[in-house]
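target.pdb (PDB, C-alpha atoms)
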ATOM      1  CA  MET A   1      13.968  10.096 -12.978
ATOM      2  CA  ARG A   2      12.912   9.320  -9.424
ATOM      3  CA  PRO A   3      11.680   5.810  -8.683
ATOM      4  CA  THR A   4       8.032   5.488  -7.729
ATOM      5  CA  PHE A   5       6.055   3.797  -5.000
ATOM      6  CA  VAL A   6       2.351   3.197  -5.689
ATOM      7  CA  THR A   7      -0.268   2.731  -2.973
ATOM      8  CA  PHE A   8      -3.229   0.863  -4.504
ATOM      9  CA  GLY A   9      -6.372   0.441  -2.456
ATOM     10  CA  ASP A  10      -9.790   1.673  -1.367
ATOM     11  CA  SER A  11     -10.888   4.715   0.656
ATOM     12  CA  ILE A  12      -8.386   4.020   3.430
ATOM     13  CA  THR A  13      -5.700   4.566   0.791
ATOM     14  CA  GLN A  14      -7.503   7.424  -0.978
ATOM     15  CA  ARG A  15      -7.734   9.309   2.323
ATOM     16  CA  GLY A  16      -4.063   8.676   2.962
ATOM     17  CA  PHE A  17      -3.003  12.117   1.733
ATOM     18  CA  ALA A  18      -5.507  14.064   3.830
ATOM     19  CA  PRO A  19      -3.190  13.821   5.846
ATOM     20  CA  GLY A  20      -2.484  10.175   6.349
ATOM     21  CA  TRP A  21      -0.172   7.233   6.013
ATOM     22  CA  THR A  22       0.563   7.714   2.298
ATOM     23  CA  GLY A  23       1.389  11.353   2.931
ATOM     24  CA  GLN A  24       3.787  10.366   5.696
ATOM     25  CA  LEU A  25       5.402   7.840   3.351
ATOM     26  CA  ALA A  26       5.822  10.553   0.703
ATOM     27  CA  ASP A  27       7.279  12.926   3.279
ATOM     28  CA  ALA A  28       9.821  10.348   4.445
ATOM     29  CA  TYR A  29      10.987   9.748   0.855
ATOM     30  CA  GLN A  30      10.909  13.345  -0.379
ATOM     31  CA  ARG A  31      13.502  14.045  -3.092
ATOM     32  CA  ARG A  32      14.114  10.303  -3.345
ATOM     33  CA  VAL A  33      10.841   8.654  -4.444
ATOM     34  CA  ASP A  34       7.555   9.860  -5.937
ATOM     35  CA  VAL A  35       4.753   8.234  -3.943
ATOM     36  CA  LEU A  36       1.654   7.890  -6.125
ATOM     37  CA  ASN A  37      -1.664   7.447  -4.329
ATOM     38  CA  ARG A  38      -4.050   5.256  -6.310
ATOM     39  CA  GLY A  39      -6.847   4.867  -3.781
ATOM     40  CA  TYR A  40     -10.445   4.362  -4.939
ATOM     41  CA  SER A  41     -13.080   5.030  -2.322
ATOM     42  CA  GLY A  42     -15.736   2.341  -2.047
ATOM     43  CA  TYR A  43     -13.914  -0.149  -4.275
ATOM     44  CA  ASN A  44     -13.593  -3.825  -3.549
ATOM     45  CA  SER A  45     -10.978  -6.153  -5.030
ATOM     46  CA  ARG A  46     -13.353  -7.247  -7.831
ATOM     47  CA  TRP A  47     -13.788  -3.710  -9.106
ATOM     48  CA  ALA A  48     -10.107  -2.917  -8.603
ATOM     49  CA  LEU A  49      -9.155  -5.699 -11.034
ATOM     50  CA  GLN A  50     -10.775  -3.622 -13.794
ATOM     51  CA  LEU A  51      -8.211  -0.889 -13.104
ATOM     52  CA  LEU A  52      -5.028  -2.950 -13.220
ATOM     53  CA  ASP A  53      -4.112  -2.192 -16.833
ATOM     54  CA  HIS A  54      -4.891   1.499 -16.335
ATOM     55  CA  VAL A  55      -3.058   2.005 -13.054
ATOM     56  CA  PHE A  56      -0.198  -0.337 -13.981
ATOM     57  CA  PRO A  57       0.062  -0.345 -17.806
ATOM     58  CA  ASN A  58       2.559  -2.634 -19.501
ATOM     59  CA  ASN A  59       3.002  -0.458 -22.590
ATOM     60  CA  THR A  60       5.084   2.315 -21.110
ATOM     61  CA  ALA A  61       8.753   3.087 -21.467
ATOM     62  CA  ALA A  62       8.944   4.207 -17.851
ATOM     63  CA  PRO A  63      10.412   1.700 -15.390
ATOM     64  CA  PRO A  64       7.930  -0.131 -13.168
ATOM     65  CA  PRO A  65       7.311   1.071  -9.613
ATOM     66  CA  ARG A  66       9.924   0.005  -7.092
ATOM     67  CA  LEU A  67       7.232  -0.761  -4.519
ATOM     68  CA  VAL A  68       3.467  -1.329  -4.631
ATOM     69  CA  THR A  69       1.134  -1.756  -1.665
ATOM     70  CA  ILE A  70      -2.182  -3.560  -2.229
ATOM     71  CA  PHE A  71      -4.733  -2.609   0.408
ATOM     72  CA  PHE A  72      -8.215  -4.031  -0.236
ATOM     73  CA  GLY A  73     -10.632  -6.084   1.822
ATOM     74  CA  ALA A  74     -12.545  -3.632   3.993
ATOM     75  CA  ASN A  75     -15.330  -3.430   1.398
ATOM     76  CA  ASP A  76     -15.050  -7.041   0.250
ATOM     77  CA  ALA A  77     -15.850  -8.014   3.849
ATOM     78  CA  ALA A  78     -19.164  -6.134   3.897
ATOM     79  CA  LEU A  79     -21.827  -8.702   4.739
ATOM     80  CA  PRO A  80     -23.927  -9.950   1.798
ATOM     81  CA  ASP A  81     -27.276  -9.607   3.571
ATOM     82  CA  ARG A  82     -26.928  -6.095   5.003
ATOM     83  CA  GLY A  83     -26.756  -2.480   3.925
ATOM     84  CA  SER A  84     -23.440  -2.590   2.052
ATOM     85  CA  ALA A  85     -24.158  -5.863   0.248
ATOM     86  CA  ARG A  86     -23.261  -4.419  -3.179
ATOM     87  CA  GLN A  87     -19.627  -4.204  -2.080
ATOM     88  CA  HIS A  88     -19.405  -7.777  -0.794
ATOM     89  CA  VAL A  89     -16.956 -10.185  -2.419
ATOM     90  CA  PRO A  90     -16.691 -13.785  -1.154
ATOM     91  CA  VAL A  91     -13.445 -14.444   0.660
ATOM     92  CA  ASP A  92     -12.254 -17.067  -1.854
ATOM     93  CA  GLU A  93     -12.741 -14.637  -4.723
ATOM     94  CA  TYR A  94     -11.036 -11.920  -2.709
ATOM     95  CA  SER A  95      -7.978 -14.139  -2.360
ATOM     96  CA  SER A  96      -8.037 -14.932  -6.095
ATOM     97  CA  ASN A  97      -8.273 -11.227  -6.934
ATOM     98  CA  LEU A  98      -5.233 -10.430  -4.805
ATOM     99  CA  ARG A  99      -3.379 -13.280  -6.486
ATOM    100  CA  ALA A 100      -4.168 -11.782  -9.904
ATOM    101  CA  MET A 101      -2.942  -8.364  -8.782
ATOM    102  CA  VAL A 102       0.375  -9.748  -7.556
ATOM    103  CA  ALA A 103       0.783 -11.752 -10.779
ATOM    104  CA  HIS A 104       0.178  -8.643 -12.890
ATOM    105  CA  LEU A 105       2.708  -6.596 -10.929
ATOM    106  CA  ARG A 106       5.288  -9.346 -11.155
ATOM    107  CA  SER A 107       4.749  -9.576 -14.910
ATOM    108  CA  LEU A 108       5.706  -5.894 -15.107
ATOM    109  CA  GLY A 109       8.849  -6.452 -13.086
ATOM    110  CA  VAL A 110       7.761  -4.744  -9.866
ATOM    111  CA  PRO A 111      10.394  -5.943  -7.376
ATOM    112  CA  ALA A 112       8.585  -5.201  -4.106
ATOM    113  CA  VAL A 113       4.900  -5.880  -3.362
ATOM    114  CA  ILE A 114       3.268  -5.648   0.067
ATOM    115  CA  LEU A 115      -0.240  -6.847   0.905
ATOM    116  CA  ILE A 116      -2.069  -4.877   3.612
ATOM    117  CA  THR A 117      -5.063  -6.494   5.290
ATOM    118  CA  PRO A 118      -8.267  -4.694   6.239
ATOM    119  CA  PRO A 119      -8.224  -3.196   9.718
ATOM    120  CA  PRO A 120     -10.490  -4.474  12.489
ATOM    121  CA  ILE A 121     -14.080  -3.247  12.780
ATOM    122  CA  SER A 122     -15.454  -1.485  15.831
ATOM    123  CA  GLU A 123     -19.046  -2.632  15.419
ATOM    124  CA  ALA A 124     -20.560  -0.301  18.012
ATOM    125  CA  ASP A 125     -18.947   2.694  16.326
ATOM    126  CA  ARG A 126     -20.225   1.583  12.916
ATOM    127  CA  LEU A 127     -23.772   1.687  14.283
ATOM    128  CA  VAL A 128     -23.211   5.178  15.666
ATOM    129  CA  HIS A 129     -21.667   6.349  12.395
ATOM    130  CA  VAL A 130     -24.578   5.142  10.268
ATOM    131  CA  GLU A 131     -27.122   6.762  12.551
ATOM    132  CA  GLN A 132     -25.292  10.091  12.725
ATOM    133  CA  THR A 133     -24.465  10.184   9.008
ATOM    134  CA  TYR A 134     -27.595   8.751   7.423
ATOM    135  CA  GLY A 135     -30.194   9.003  10.163
ATOM    136  CA  VAL A 136     -30.684   5.236  10.079
ATOM    137  CA  ARG A 137     -30.690   3.205  13.278
ATOM    138  CA  LEU A 138     -29.442  -0.308  12.554
ATOM    139  CA  ALA A 139     -29.929  -3.292  14.825
ATOM    140  CA  VAL A 140     -26.701  -4.876  13.547
ATOM    141  CA  PRO A 141     -23.719  -3.371  11.685
ATOM    142  CA  GLU A 142     -23.094  -3.927   7.990
ATOM    143  CA  ARG A 143     -19.615  -5.250   8.821
ATOM    144  CA  THR A 144     -18.339  -7.349  11.704
ATOM    145  CA  ASN A 145     -14.893  -7.686  13.193
ATOM    146  CA  GLU A 146     -15.009 -11.470  12.964
ATOM    147  CA  VAL A 147     -15.599 -11.428   9.218
ATOM    148  CA  ALA A 148     -12.960  -8.742   8.663
ATOM    149  CA  GLY A 149     -10.566 -11.092  10.437
ATOM    150  CA  GLN A 150     -11.379 -13.855   7.960
ATOM    151  CA  TYR A 151     -10.371 -11.591   5.059
ATOM    152  CA  ALA A 152      -7.222 -10.540   6.878
ATOM    153  CA  ALA A 153      -6.320 -14.198   7.402
ATOM    154  CA  ALA A 154      -6.928 -14.938   3.706
ATOM    155  CA  ALA A 155      -4.630 -12.098   2.636
ATOM    156  CA  GLU A 156      -1.937 -13.199   5.067
ATOM    157  CA  ALA A 157      -2.143 -16.813   3.899
ATOM    158  CA  LEU A 158      -1.890 -15.788   0.263
ATOM    159  CA  ALA A 159       1.096 -13.556   0.993
ATOM    160  CA  ALA A 160       2.874 -16.460   2.674
ATOM    161  CA  GLU A 161       2.123 -18.691  -0.309
ATOM    162  CA  LEU A 162       3.411 -16.129  -2.823
ATOM    163  CA  GLY A 163       6.386 -15.067  -0.758
ATOM    164  CA  VAL A 164       5.406 -11.420  -0.378
ATOM    165  CA  PRO A 165       5.276  -9.450   2.882
ATOM    166  CA  CYS A 166       1.920  -8.853   4.543
ATOM    167  CA  LEU A 167       1.017  -6.111   7.005
ATOM    168  CA  ASN A 168      -1.798  -7.570   9.113
ATOM    169  CA  LEU A 169      -3.559  -4.471  10.404
ATOM    170  CA  TRP A 170      -6.460  -6.495  11.778
ATOM    171  CA  ARG A 171      -4.113  -8.119  14.262
ATOM    172  CA  ALA A 172      -1.742  -5.207  14.861
ATOM    173  CA  PHE A 173      -4.443  -2.627  15.599
ATOM    174  CA  GLN A 174      -6.127  -4.835  18.169
ATOM    175  CA  GLU A 175      -2.871  -4.989  20.109
ATOM    176  CA  VAL A 176      -3.184  -1.234  20.759
ATOM    177  CA  PRO A 177      -5.255  -0.374  23.871
ATOM    178  CA  GLY A 178      -8.313   1.697  22.969
ATOM    179  CA  TRP A 179      -7.943   1.009  19.250
ATOM    180  CA  GLN A 180     -11.696   1.334  18.656
ATOM    181  CA  GLN A 181     -11.677   5.129  18.990
ATOM    182  CA  GLY A 182      -7.943   5.743  19.115
ATOM    183  CA  LEU A 183      -7.136   4.303  15.674
ATOM    184  CA  LEU A 184     -10.554   4.327  13.957
ATOM    185  CA  CYS A 185     -12.793   7.367  13.445
ATOM    186  CA  ASP A 186     -16.034   5.632  12.438
ATOM    187  CA  GLY A 187     -15.393   2.018  13.276
ATOM    188  CA  LEU A 188     -13.599   1.474   9.949
ATOM    189  CA  HIS A 189     -11.569   4.428   8.642
ATOM    190  CA  LEU A 190      -8.452   5.770  10.283
ATOM    191  CA  THR A 191      -7.922   8.571  12.762
ATOM    192  CA  GLN A 192      -4.762  10.656  12.646
ATOM    193  CA  GLU A 193      -3.265   8.221  15.146
ATOM    194  CA  GLY A 194      -4.421   5.276  13.031
ATOM    195  CA  ASN A 195      -2.743   6.703   9.942
ATOM    196  CA  ALA A 196       0.455   7.254  11.903
ATOM    197  CA  GLU A 197       0.330   3.647  13.104
ATOM    198  CA  VAL A 198      -0.104   2.314   9.554
ATOM    199  CA  TYR A 199       2.849   4.375   8.371
ATOM    200  CA  ARG A 200       5.001   3.233  11.302
ATOM    201  CA  LEU A 201       4.211  -0.428  10.690
ATOM    202  CA  LEU A 202       4.633  -0.132   6.921
ATOM    203  CA  GLN A 203       7.982   1.654   7.148
ATOM    204  CA  ALA A 204       9.235  -0.974   9.583
ATOM    205  CA  LEU A 205       8.152  -3.730   7.186
ATOM    206  CA  ILE A 206       9.859  -2.030   4.232
ATOM    207  CA  ASP A 207      13.045  -1.620   6.252
ATOM    208  CA  GLU A 208      12.970  -5.275   7.276
ATOM    209  CA  ARG A 209      11.985  -6.976   4.038
ATOM    210  CA  PHE A 210      13.375  -4.549   1.454
ATOM    211  CA  PRO A 211      16.520  -3.012   2.970
ATOM    212  CA  ASP A 212      17.515  -1.516  -0.382
ATOM    213  CA  LEU A 213      14.345   0.633  -0.157
ATOM    214  CA  ARG A 214      15.148   2.144   3.216
ATOM    215  CA  VAL A 215      15.024   5.919   3.065
ATOM    216  CA  LYS A 216      18.759   6.441   3.471
ATOM    217  CA  GLN A 217      19.559   3.763   0.899
ATOM    218  CA  LEU A 218      17.838   5.676  -1.888
ATOM    219  CA  PRO A 219      19.801   8.629  -3.249
ATOM    220  CA  MET A 220      18.311  12.074  -3.610
ATOM    221  CA  ASP A 221      17.482  13.090  -7.170
ATOM    222  CA  ALA A 222      19.771  16.158  -7.055
ATOM    223  CA  PRO A 223      22.831  17.181  -5.050
ATOM    224  CA  ASP A 224      22.350  18.705  -1.641
ATOM    225  CA  HIS A 225      22.768  22.455  -1.718
ATOM    226  CA  SER A 226      25.807  22.185   0.551
ATOM    227  CA  ALA A 227      27.673  20.313  -2.201
ATOM    228  CA  ILE A 228      27.268  23.133  -4.728
ATOM    229  CA  THR A 229      30.219  25.492  -5.079
ATOM    230  CA  PRO A 230      29.111  28.921  -6.353
ATOM    231  CA  GLN A 231      32.369  29.329  -8.291
ATOM    232  CA  ASP A 232      31.827  26.089 -10.250
ATOM    233  CA  VAL A 233      28.174  25.088 -10.099
ATOM    234  CA  PRO A 234      28.196  22.278 -12.738
ATOM    235  CA  VAL A 235      30.768  20.150 -10.868
ATOM    236  CA  ALA A 236      28.410  19.097  -8.085
ATOM    237  CA  PHE A 237      25.730  18.086 -10.580
ATOM    238  CA  GLU A 238      28.163  16.188 -12.786
ATOM    239  CA  LYS A 239      29.451  14.220  -9.795
ATOM    240  CA  HIS A 240      25.940  13.538  -8.493
ATOM    241  CA  PHE A 241      24.543  12.269 -11.791
ATOM    242  CA  ALA A 242      27.648  10.203 -12.545
ATOM    243  CA  LYS A 243      27.204   8.497  -9.173
ATOM    244  CA  GLN A 244      23.518   7.975  -9.963
ATOM    245  CA  GLN A 245      24.436   6.355 -13.264
ATOM    246  CA  ARG A 246      26.862   3.972 -11.573
ATOM    247  CA  ARG A 247      24.177   3.032  -9.044
ATOM    248  CA  HIS A 248      21.685   2.413 -11.842
ATOM    249  CA  GLU A 249      24.084   0.221 -13.789
ATOM    250  CA  ALA A 250      24.977  -1.797 -10.689
ATOM    251  CA  ALA A 251      21.305  -2.280  -9.814
ATOM    252  CA  ALA A 252      20.476  -3.355 -13.377
ATOM    253  CA  ALA A 253      23.310  -5.875 -13.368
ATOM    254  CA  ALA A 254      22.209  -7.269 -10.011
ATOM    255  CA  ALA A 255      18.610  -7.565 -11.214
ATOM    256  CA  ALA A 256      19.722  -9.358 -14.362
ATOM    257  CA  GLY A 257      21.763 -11.792 -12.300
ATOM    258  CA  GLN A 258      18.867 -12.455  -9.960
ATOM    259  CA  GLN A 259      16.546 -13.067 -12.910
ATOM    260  CA  ALA A 260      19.005 -15.521 -14.405
ATOM    261  CA  ARG A 261      19.229 -17.443 -11.108
ATOM    262  CA  ASN A 262      15.458 -17.360 -10.451
ATOM    263  CA  PRO A 263      13.506 -17.160 -13.708
ATOM    264  CA  ALA A 264       9.942 -15.945 -13.193
ATOM    265  CA  LYS A 265       7.216 -18.552 -13.227
ATOM    266  CA  GLU A 266       4.520 -18.111 -15.830
ATOM    267  CA  GLU A 267       1.829 -18.834 -13.282
ATOM    268  CA  LEU A 268       1.530 -18.176  -9.560
TER     269      LEU A 268
END

As structure tokens, what does this structure read like?
Amino acid sequence: MRPTFVTFGDSITQRGFAPGWTGQLADAYQRRVDVLNRGYSGYNSRWALQLLDHVFPNNTAAPPPRLVTIFFGANDAALPDRGSARQHVPVDEYSSNLRAMVAHLRSLGVPAVILITPPPISEADRLVHVEQTYGVRLAVPERTNEVAGQYAAAAEALAAELGVPCLNLWRAFQEVPGWQQGLLCDGLHLTQEGNAEVYRLLQALIDERFPDLRVKQLPMDAPDHSAITPQDVPVAFEKHFAKQQRRHEAAAAAAAGQQARNPAKEEL
């Protein structure tokens, strides 16, 4: 069975296969990992909590995902007195919701969790988008870059507290010249270039913080065709799966040793 990566988030994740950053992640890990996109357009972290037991059940015989990304905040940061108020979640609650998500994943034994912050907001482009899409001319946008930055800072602070990596898109995007139209298509969602930038940053973070999850470190789920001898086809498969079994046993032993040295805390 291939290991799995799960990308859990809002519309920026849901759109990730169309094509986008999750699709690029799946392409990089083809034949090694099944990348499962669990993006829910329009969701905030409060609503996403209702999905935890359904997206990440604890009553399955399958092993937990090897990696999970949590990418919420763009909707939480909608301002409470403007057009997208129904999606607003106060920043303190947002942080608590992320904490609960990480705790749930850790309780399942997920070894690698990455928090991804909301991207910056191009306020002028949000106004244009609303007018062109809905025929409504707003005096002020329903989201601001300053407030999005507050949610990004909260996610980054929580990640540091919990000891999990954080990809701060709010900061990273604004380091790219012309990010407003180059990386964002409507002041919030990603362009093709924006998706490529998220993938590039995420892959670099995986390689740095989880070297055992680098693409070349994960074996393919079947032998390469060049290893198959037509005169004795089963040999290549027997060798491949025996090697896989040895890898699995070594990984299980290492995980057991790590758990014995660092028993999980009941509370985060």

Name the closest residue to Lys243 in chain A among the candidates A:Ser226, A:Ser41, A:Met220, A:Thr69; distances are taken between atoms, counting only C-alpha atoms.
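Of A:Ser226, A:Ser41, A:Met220, A:Thr69, the one nearest Lys243 in chain A, counting only C-alpha atoms, is A:Met220.
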
Please report the interatomic distance between CA of Ala152 in chain A and CA of Asn58 in chain A in Å with one decimal.
29.2 Å

Using the chain letters and numbering of this document, enumerate as a PyMOL selection string the residues selected by the PyMOL selection byres ((chain A and resi 201-213) around 8).
chain A and resi 25+112+165+167+197-200+214-215+217-218

Picked residues, the PyMOL selection byres ((chain A and resi 45) around 7), as a ChimeraX atom specification
/A:43-44,46-49,72-73,76,94,97

Calculate how many Å separate CA of Val68 in chain A from CA of Val6 in chain A, rounding to one decimal.
4.8 Å

Nearest to Arg143 in chain A, chosen from A:Asp186, A:Asp10, A:Asp92, A:Glu123, with only C-alpha atoms counted in the distances:
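Among the listed residues, A:Glu123 lies closest to Arg143 in chain A.
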
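Nearest residue to Ala159 in chain A among A:Asp125, A:Asn145, A:Ser95, A:Pro111 is A:Ser95, counting all atoms listed in the file.
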
Using the chain letters and numbers from the file, give me the residues hit by the PyMOL selection byres ((chain A and resi 116) around 7), as a ChimeraX atom specification.
/A:69-71,114-115,117-118,166-169

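Residues in contact range of range 28-39 of chain A, defined as at most 8 Å between only C-alpha atoms, with sequence neighbours fewer than 5 positions away removed, read Arg2, Pro3, Thr4, Phe5, Val6, Thr7, Phe8, Gly9, Asp10, Ser11, Ile12, Thr13, Gln14, Arg15, Gly16, Phe17, Thr22, Val55, Val215, Leu218, Pro219, Met220, Asp221 and Ala222 of chain A.
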
d(CA of Gln150 in chain A, CA of Leu183 in chain A) in Å
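That distance, rounded to one decimal, is 20.2 Å.
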
Nearby residues (all atoms listed in the file) at most 10 Å from Ala227 in chain A, same-chain spacing under 6 positions excluded, as a ChimeraX atom specification
/A:233,235-237,239-240

Tell me which protein, DNA and RNA residues are within 8 Å of Arg137 in chain A, counting all atoms listed in the file, leaving out same-chain ones fewer than 6 positions away, and put them as a count of residues only.
3
